[in-house]
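One structure is given here, and the rest of the page talks about it.
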Amino acid sequence: MQTITPFLWYDGKAEEAIRLYTSIFKNSKIINIKYWAEGSPFPKDQVMTGVFELDGLRFYAFDAGPQFKFTEATSFFVNCETQEEVDHYWNSLTADGGQESMCGWLKDKFGLSWQIIPSALMKMMGDKDPVKAGRVMQAMLQMKKIIIADLEKAYNQ
């Protein structure tokens with residue numbers, strides 16, 4: 001049983017976010033969605049709480065107004081094995097209003113921050129040769145979406 005669960009606060013967009021995220025990540029599913037009741041301070045067709053899993057990790061979503069916003073201080077790190085995975089997550093999460101940032105970071109259209117990082121980056125940056133690792137770091141600092149081939153080129157110079 002998962003003892004710590006991310007709890008995400010949305011402003012009227014929880015159901016849209018849940019459906020988007022579960023469509024992007026493999027092995028994902030919606031566990032349940034409960035809507036605000038008649039007489040609540042929110043529309044009855046708006047999500048009160050939603051429980052969903054992304055690749056086996058459980059999340060809660062809450063739709064309760066604009067009081068709290070996402071910041072870059074919290075992000076989700078997505079470890080990718082291939083460029084195809086990087087491209088899939090990057091393109092899917094930046095679609096329809098998401099924003100690219102630097103060094104593998106992005107914000108989805110709901111303002112939630114994600115890091116889409118290939119495992120090759122961590123391996124190359126952890127190389128015992130500080131010159132190789134430094135070249136990889138410099139290459140990464142020039143990127144928005146991480147391109148594995150460009151990291152390898154810098155590594156092998």
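If you're wondering about the labels, chains in the structure tokens are A, B, ... by order shown, residues count from 1 in each chain, ligands from 1 in order shown.
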Which parts of chain A does DSSP call alpha helix (DSSP H) when run on the backbone here, written out as a PyMOL selection string? chain A and resi 14-24+83-94+119-125+130-141+148-155
Convert the current residue selection to file output with C-alpha atoms, as a PDB file, in the first residue's frame.
ATOM      1  CA  ALA A  14      -9.399  18.250 -12.183  1.00  0.00           C
ATOM      2  CA  GLU A  15     -11.420  15.895 -14.361  1.00  0.00           C
ATOM      3  CA  GLU A  16      -9.765  17.167 -17.534  1.00  0.00           C
ATOM      4  CA  ALA A  17      -6.332  16.727 -15.906  1.00  0.00           C
ATOM      5  CA  ILE A  18      -7.136  13.217 -14.665  1.00  0.00           C
ATOM      6  CA  ARG A  19      -8.324  12.135 -18.091  1.00  0.00           C
ATOM      7  CA  LEU A  20      -5.290  13.689 -19.815  1.00  0.00           C
ATOM      8  CA  TYR A  21      -2.715  12.165 -17.472  1.00  0.00           C
ATOM      9  CA  THR A  22      -4.262   8.686 -17.558  1.00  0.00           C
ATOM     10  CA  SER A  23      -4.279   8.838 -21.373  1.00  0.00           C
ATOM     11  CA  ILE A  24      -0.559   9.723 -21.514  1.00  0.00           C
ATOM     12  CA  GLN A  83      14.100   9.382 -27.052  1.00  0.00           C
ATOM     13  CA  GLU A  84      10.718   8.069 -28.147  1.00  0.00           C
ATOM     14  CA  GLU A  85       9.558   8.148 -24.508  1.00  0.00           C
ATOM     15  CA  VAL A  86      10.980  11.637 -23.989  1.00  0.00           C
ATOM     16  CA  ASP A  87       9.185  12.854 -27.128  1.00  0.00           C
ATOM     17  CA  HIS A  88       5.898  11.189 -26.140  1.00  0.00           C
ATOM     18  CA  TYR A  89       5.746  12.705 -22.657  1.00  0.00           C
ATOM     19  CA  TRP A  90       7.128  16.077 -23.739  1.00  0.00           C
ATOM     20  CA  ASN A  91       4.758  16.473 -26.678  1.00  0.00           C
ATOM     21  CA  SER A  92       1.732  15.183 -24.775  1.00  0.00           C
ATOM     22  CA  LEU A  93       2.277  17.375 -21.706  1.00  0.00           C
ATOM     23  CA  THR A  94       3.070  20.562 -23.650  1.00  0.00           C
ATOM     24  CA  SER A 119      18.258   8.007 -17.825  1.00  0.00           C
ATOM     25  CA  ALA A 120      21.182   8.508 -20.227  1.00  0.00           C
ATOM     26  CA  LEU A 121      21.513  12.094 -18.972  1.00  0.00           C
ATOM     27  CA  MET A 122      22.028  10.995 -15.383  1.00  0.00           C
ATOM     28  CA  LYS A 123      24.474   8.274 -16.435  1.00  0.00           C
ATOM     29  CA  MET A 124      26.594  10.627 -18.556  1.00  0.00           C
ATOM     30  CA  MET A 125      26.535  13.436 -15.990  1.00  0.00           C
ATOM     31  CA  PRO A 130      34.652  15.471 -15.102  1.00  0.00           C
ATOM     32  CA  VAL A 131      35.420  16.809 -18.587  1.00  0.00           C
ATOM     33  CA  LYS A 132      32.924  14.449 -20.240  1.00  0.00           C
ATOM     34  CA  ALA A 133      30.319  15.110 -17.540  1.00  0.00           C
ATOM     35  CA  GLY A 134      30.887  18.851 -17.918  1.00  0.00           C
ATOM     36  CA  ARG A 135      30.357  18.747 -21.674  1.00  0.00           C
ATOM     37  CA  VAL A 136      27.098  16.876 -21.140  1.00  0.00           C
ATOM     38  CA  MET A 137      26.011  19.448 -18.547  1.00  0.00           C
ATOM     39  CA  GLN A 138      26.786  22.301 -20.943  1.00  0.00           C
ATOM     40  CA  ALA A 139      24.848  20.587 -23.743  1.00  0.00           C
ATOM     41  CA  MET A 140      21.856  20.003 -21.440  1.00  0.00           C
ATOM     42  CA  LEU A 141      21.857  23.646 -20.339  1.00  0.00           C
ATOM     43  CA  ILE A 148      19.760  12.042 -26.171  1.00  0.00           C
ATOM     44  CA  ALA A 149      21.749  12.093 -29.448  1.00  0.00           C
ATOM     45  CA  ASP A 150      22.987  15.619 -28.677  1.00  0.00           C
ATOM     46  CA  LEU A 151      24.026  14.556 -25.175  1.00  0.00           C
ATOM     47  CA  GLU A 152      25.908  11.576 -26.624  1.00  0.00           C
ATOM     48  CA  LYS A 153      27.634  13.835 -29.157  1.00  0.00           C
ATOM     49  CA  ALA A 154      28.860  16.134 -26.359  1.00  0.00           C
ATOM     50  CA  TYR A 155      29.879  13.149 -24.238  1.00  0.00           C
TER      51      TYR A 155
END
Report the residues of chain A whose backbone DSSP state falls under strand (DSSP E), written as a ChimeraX atom specification. /A:7-10,29-35,47-54,57-63,75-80,99-100,105-107,113-118
Output for the residues just chosen: C-alpha atoms as a tab-separated table (two decimals), in the first residue's frame:
chain	number	residue	atom	x	y	z
A	7	PHE	CA	-2.58	15.50	-3.71
A	8	LEU	CA	-3.19	18.01	-6.51
A	9	TRP	CA	-5.47	21.07	-6.21
A	10	TYR	CA	-7.15	22.29	-9.39
A	29	LYS	CA	-6.32	4.20	-14.63
A	30	ILE	CA	-9.01	6.27	-12.99
A	31	ILE	CA	-9.96	4.72	-9.64
A	32	ASN	CA	-12.93	6.96	-8.90
A	33	ILE	CA	-14.31	10.45	-9.34
A	34	LYS	CA	-16.72	12.09	-6.91
A	35	TYR	CA	-18.55	15.28	-7.79
A	47	VAL	CA	-15.01	17.09	-9.41
A	48	MET	CA	-14.76	17.17	-5.64
A	49	THR	CA	-12.12	14.44	-5.53
A	50	GLY	CA	-10.62	12.10	-8.05
A	51	VAL	CA	-8.33	9.18	-7.45
A	52	PHE	CA	-6.17	7.92	-10.28
A	53	GLU	CA	-2.97	6.02	-10.93
A	54	LEU	CA	-0.14	6.85	-13.29
A	57	LEU	CA	1.52	5.58	-8.54
A	58	ARG	CA	-1.71	6.78	-6.92
A	59	PHE	CA	-2.71	10.47	-7.01
A	60	TYR	CA	-5.59	12.46	-5.58
A	61	ALA	CA	-7.08	15.45	-7.37
A	62	PHE	CA	-9.25	18.09	-5.74
A	63	ASP	CA	-11.25	20.78	-7.53
A	75	SER	CA	7.37	18.83	-10.04
A	76	PHE	CA	7.09	15.26	-11.19
A	77	PHE	CA	10.25	13.62	-12.52
A	78	VAL	CA	9.61	11.20	-15.37
A	79	ASN	CA	12.50	8.85	-16.04
A	80	CYS	CA	12.68	7.86	-19.71
A	99	GLN	CA	4.85	25.56	-21.76
A	100	GLU	CA	8.36	24.40	-22.48
A	105	TRP	CA	11.35	20.99	-17.49
A	106	LEU	CA	7.88	21.89	-18.70
A	107	LYS	CA	4.52	23.00	-17.37
A	113	SER	CA	5.60	21.16	-13.59
A	114	TRP	CA	7.19	18.02	-14.98
A	115	GLN	CA	10.79	16.97	-15.62
A	116	ILE	CA	11.09	14.67	-18.62
A	117	ILE	CA	14.55	13.20	-18.20
A	118	PRO	CA	16.27	10.35	-20.04
May I ask for the distance between CA of Gly12 in chain A and CA of Ala95 in chain A, given in Å to one decimal place?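 Going from CA of Gly12 in chain A over to CA of Ala95 in chain A, I get 18.9 Å.
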Closest of A:Ala64, A:Cys103, A:Ile147, A:Leu112 to Asp11 in chain A - atom-to-atom distances counting only C-alpha atoms: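 The shortest atom-to-atom distance to Asp11 in chain A comes from A:Ala64.
Counting only C-alpha atoms, the residue from A:Gly111, A:Thr74, A:Ser101, A:Gln157 that sits nearest to Met143 in chain A is A:Ser101.
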Which residue of A:Lys145, A:Pro6, A:Gly97, A:Asp108 approaches Glu72 in chain A most closely, using only C-alpha atoms: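 Closest to Glu72 in chain A of all the choices is A:Asp108.
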